[in-house]
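Written out below as structure tokens is the structure these notes cover.
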There are 2 protein chains.
Amino acid sequence: MSTPTSTIRMASRTRTMIGSIIDSSTALLASQKHDIVRFAMGAPNAELIPTADFDRLLGAHAPGRYDYGATEGEPELIAQVQAFQQRLGIDTEPERLLITTGGMQGLDLAFKLLLDPGDLVVVEAPTYTNGIGTALSYQAEVIEAPVDADGMIVEDLPDIVARAGRAPKVIYTIPNFQNPSGTTMSLARRQLLLELAEEWDAVIVDDDPYGALRFDGEDVPAFAQLSPGNPRVVQVRTFSKILAPGLRVGWVDVDPALRAKAIDAKQAMDTCTSVPTQRMVADYLSEGLLDAHLTRLRGVYRQRKQAMRRIMTAQFGDDVTMTDPQGGFFLWVALQGRLAALDTQKLFPVALRHGVAYIPGPAFAASGRFGNALRVCFATSTPERMADGVARLAAAVDEQVAP
Amino acid sequence: MSTPTSTIRMASRTRTMIGSIIDSSTALLASQKHDIVRFAMGAPNAELIPTADFDRLLGAHAPGRYDYGATEGEPELIAQVQAFQQRLGIDTEPERLLITTGGMQGLDLAFKLLLDPGDLVVVEAPTYTNGIGTALSYQAEVIEAPVDADGMIVEDLPDIVARAGRAPKVIYTIPNFQNPSGTTMSLARRQLLLELAEEWDAVIVDDDPYGALRFDGEDVPAFAQLSPGNPRVVQVRTFSKILAPGLRVGWVDVDPALRAKAIDAKQAMDTCTSVPTQRMVADYLSEGLLDAHLTRLRGVYRQRKQAMRRIMTAQFGDDVTMTDPQGGFFLWVALQGRLAALDTQKLFPVALRHGVAYIPGPAFAASGRFGNALRVCFATSTPERMADGVARLAAAVDEQVAP
């Protein structure tokens, strides 16, 4: 009766699905070993999470909190999300909102509803690993659009699409403080992208976990502000980066007809999002605590970005170039000069041994490009800890470059 | 720029996806209107959920509880699940366990990893609505195997499969106190199903939310006990029915090779399951509270099943037949005699108006069969409340039958 596992027929999608480029046991080690400086995960550190408020709100008795919730989300949270979006300048209504199990489920839902096997998806290069992963899990074909200091180079898209030989079904973008590059798409490019989506009969999946974390410069209008009510714009949002990632609470803001299908789909994905965490987030917002928290985060992240750039420059000088984001969590660091040939994936275990973690560039492209780049999260570490981490990174680099 | 929604190209799967047969606003109304007797949702009522312990555990500070967790689940919860499974007589190991966002995500993961478009899935008829929904969302083809008092009629499967013209990739079963029929698959049929899965190169997706809730008779050995380590057996489990559904915490127990792929897939579905709820469940189990809770639940549900059968018989006599489950949550009620022509879907809004909710039979088959049957959950209501609910149901029936 015992069958070798290899003979079990898995779906063909399992051959193209990508997991973490860093295997999960290594990642777990990196997250648990006390003395590793964490530049890898895009997560706030414990001191920046309002744990006392969360503990208080979770511990207070609330009737019905452990029962099934509505698939579309708890009504009190939907109302709070609507008000929050409106404070950010984006009009919406409850009939457009669906609570998700983190932003990741928002992407999974959008791609599940939009993609047939073989459909074309434009993604930024580099982009969020699990964004590519989800598109591939629906057997879509992914094509890459390069990113520069103004985000996705939308002007190049018509040529890229012409070479692909067919129009994309989905254009996946992280317009603000992009993961991993930290860049923001310009207004002109957003307008052009809306036009191209119309021309190609495509949908823009607008994944914006970091937009509320702008600490410098002026907000660039969102797609939904440039084209209110446009059903071609699917907004994927999350509380992971502005409150806490362990909660797994996010939302999508979509045309009501797509939302109706999304509710059906979510019912067969996880029935509803964890009710106690939804209620806790709703209570946190209804107490008016989020806005002050965001103000604090923006100040801290501004300092940390500046510190990280200063420390990297002092340590590596002209051997690296870095982006200069106006918000969010990430710097994208490209190696050059005497480090141009260094492979950041091979460097990774060496860096871990030296006590510092980051994400190697190839994690951010299905094509495995960006071997000489890496993503650094400046949100997690204090400036003192950063200095340690960058010194450790330099020691690892020296060990690799001059063995 | 504004595009009518109907012109957005959704994936072809959205044409076959099934939502709730009862639209969600009706369901929400039914769950919120105070005076509706709830025979519909398969959920315990508030008095049976250990809310005081949950509130206490959620309110106690726990470091790291709001940060990202490992995709495979919190190590302390995996250890507690292993110990719990072993108390139920099923050997397992951490390398086989993956924590999921409820049992529903376990099904979604299993079907995502196993099904290509067009693959054949055998499901019980009737069966769990969202089990069919998830299979259809991966564009599988669903064929039905009837259920009798001993569960799926496995002896009929070879003929059913022969008529389909090809072997199934997945056999989806709820072997214990089946949803919605309440029946349990016999030992002989389990053994035959294991043999057929081997012959057909198929995987048994063993969805068992209710197995620990046996209140009469003897446990029938699980597939994993009959064939230890068999990679063709995927065990989908949940805390929803034995603790609380709002937590959204479940697990799968699978061959380690499939688990590795499941971790990759889950990473692109929701990254990890809500960490505070995982930790709370782990703490509840580590305090040794679950076993006493299960003993209490079994006693309560035994009484409630007996009460529901007694009250239904007193009310409807020979106009209905009912199953007699030895555990779980559900009775399957078929209308006959003077009620044989009654349509339980048409009856539903009338019943709601009379203040009682149930699930109409057609919700449990993709084919829309079982129009003269309905599922009644006996877990949610006290016997006093049940008597009210059944009287209201009788009034609704009388209004339909003799207008």
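Convention: chains lettered A, B, ... in structure tokens order; per-chain residue numbering from 1; ligands numbered from 1 as shown.
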
Residues within 12 Å of A:Gln303, please, as a PDB file with N, CA and C atoms, in the first residue's frame. Count only C-alpha atoms; anything in the same chain fewer than 6 positions from it doesn't count.
```
ATOM      1  N   PHE A 215       7.072  59.553   4.195  1.00  0.00           N
ATOM      2  CA  PHE A 215       7.703  60.423   5.189  1.00  0.00           C
ATOM      3  C   PHE A 215       8.387  61.638   4.575  1.00  0.00           C
ATOM      4  N   ASP A 216       8.464  61.687   3.240  1.00  0.00           N
ATOM      5  CA  ASP A 216       9.021  62.855   2.552  1.00  0.00           C
ATOM      6  C   ASP A 216       8.244  63.089   1.267  1.00  0.00           C
ATOM      7  N   ARG A 296       3.717  58.696  14.066  1.00  0.00           N
ATOM      8  CA  ARG A 296       4.928  58.239  14.756  1.00  0.00           C
ATOM      9  C   ARG A 296       5.786  57.369  13.826  1.00  0.00           C
ATOM     10  N   LEU A 297       5.122  56.425  13.127  1.00  0.00           N
ATOM     11  CA  LEU A 297       5.882  55.529  12.239  1.00  0.00           C
ATOM     12  C   LEU A 297       6.622  56.328  11.173  1.00  0.00           C
ATOM     13  N   ARG A 309      21.001  54.786   4.814  1.00  0.00           N
ATOM     14  CA  ARG A 309      21.758  55.303   3.661  1.00  0.00           C
ATOM     15  C   ARG A 309      23.122  55.837   4.108  1.00  0.00           C
ATOM     16  N   ARG A 310      23.129  56.546   5.216  1.00  0.00           N
ATOM     17  CA  ARG A 310      24.382  57.136   5.715  1.00  0.00           C
ATOM     18  C   ARG A 310      25.374  56.023   6.073  1.00  0.00           C
ATOM     19  N   GLN A 326      10.997  57.745  -0.560  1.00  0.00           N
ATOM     20  CA  GLN A 326      10.330  58.780   0.230  1.00  0.00           C
ATOM     21  C   GLN A 326       9.299  58.187   1.198  1.00  0.00           C
ATOM     22  N   GLY A 327       9.346  56.887   1.359  1.00  0.00           N
ATOM     23  CA  GLY A 327       8.413  56.234   2.261  1.00  0.00           C
ATOM     24  C   GLY A 327       8.677  54.739   2.265  1.00  0.00           C
ATOM     25  N   PHE A 329       9.522  50.811   3.419  1.00  0.00           N
ATOM     26  CA  PHE A 329      10.403  49.986   4.253  1.00  0.00           C
ATOM     27  C   PHE A 329      11.771  49.708   3.638  1.00  0.00           C
ATOM     28  N   PHE A 378      14.855  48.841   6.098  1.00  0.00           N
ATOM     29  CA  PHE A 378      15.365  49.766   7.123  1.00  0.00           C
ATOM     30  C   PHE A 378      14.366  49.959   8.266  1.00  0.00           C
ATOM     31  N   ALA A 379      13.197  49.315   8.147  1.00  0.00           N
ATOM     32  CA  ALA A 379      12.134  49.566   9.130  1.00  0.00           C
ATOM     33  C   ALA A 379      12.358  48.836  10.449  1.00  0.00           C
ATOM     34  N   SER A 381      15.180  47.822  12.188  1.00  0.00           N
ATOM     35  CA  SER A 381      16.313  47.985  13.101  1.00  0.00           C
ATOM     36  C   SER A 381      16.507  49.428  13.551  1.00  0.00           C
ATOM     37  N   THR A 382      16.935  49.596  14.790  1.00  0.00           N
ATOM     38  CA  THR A 382      17.355  50.912  15.261  1.00  0.00           C
ATOM     39  C   THR A 382      18.672  51.275  14.565  1.00  0.00           C
ATOM     40  N   PRO A 383      19.005  52.577  14.492  1.00  0.00           N
ATOM     41  CA  PRO A 383      20.259  52.977  13.860  1.00  0.00           C
ATOM     42  C   PRO A 383      21.490  52.298  14.473  1.00  0.00           C
ATOM     43  N   GLU A 384      21.499  52.087  15.776  1.00  0.00           N
ATOM     44  CA  GLU A 384      22.648  51.427  16.414  1.00  0.00           C
ATOM     45  C   GLU A 384      22.779  49.996  15.894  1.00  0.00           C
ATOM     46  N   MET A 386      21.537  48.866  13.127  1.00  0.00           N
ATOM     47  CA  MET A 386      21.892  48.942  11.704  1.00  0.00           C
ATOM     48  C   MET A 386      23.398  49.014  11.498  1.00  0.00           C
TER      49      MET A 386
END
```

Test item: residues at most 9 Å from B:Pro50, only C-alpha atoms, excluding those fewer than 5 positions along its chain, as a PyMOL selection string: chain B and resi 55+243-244+293

In stretch 135-383 of chain A, DSSP strand (DSSP E or B) residues written as an NGL selection string: :A and (141-148 or 151-152 or 170-173 or 203-207 or 214 or 233-238 or 250-253 or 320-322 or 327 or 330-335 or 356-357 or 359-360 or 373-377)

Interface, chain B side, toward chain A (6 Å; only C-alpha atoms) as a ChimeraX atom specification: /B:2,5,10-11,19,55-56,58-59,66-68,104-105,108,113-116,130,133-134,230-231,244-248,264,268-270,274-275

A:Asp91 surroundings by only C-alpha atoms, 10 Å radius, close-in-sequence under 4 positions cut, as a ChimeraX atom specification: /A:82-87,224-225,228-229

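If you look at atom CA of B:Leu342 and atom CA of B:Asp148, they are 22.0 Å away from each other.
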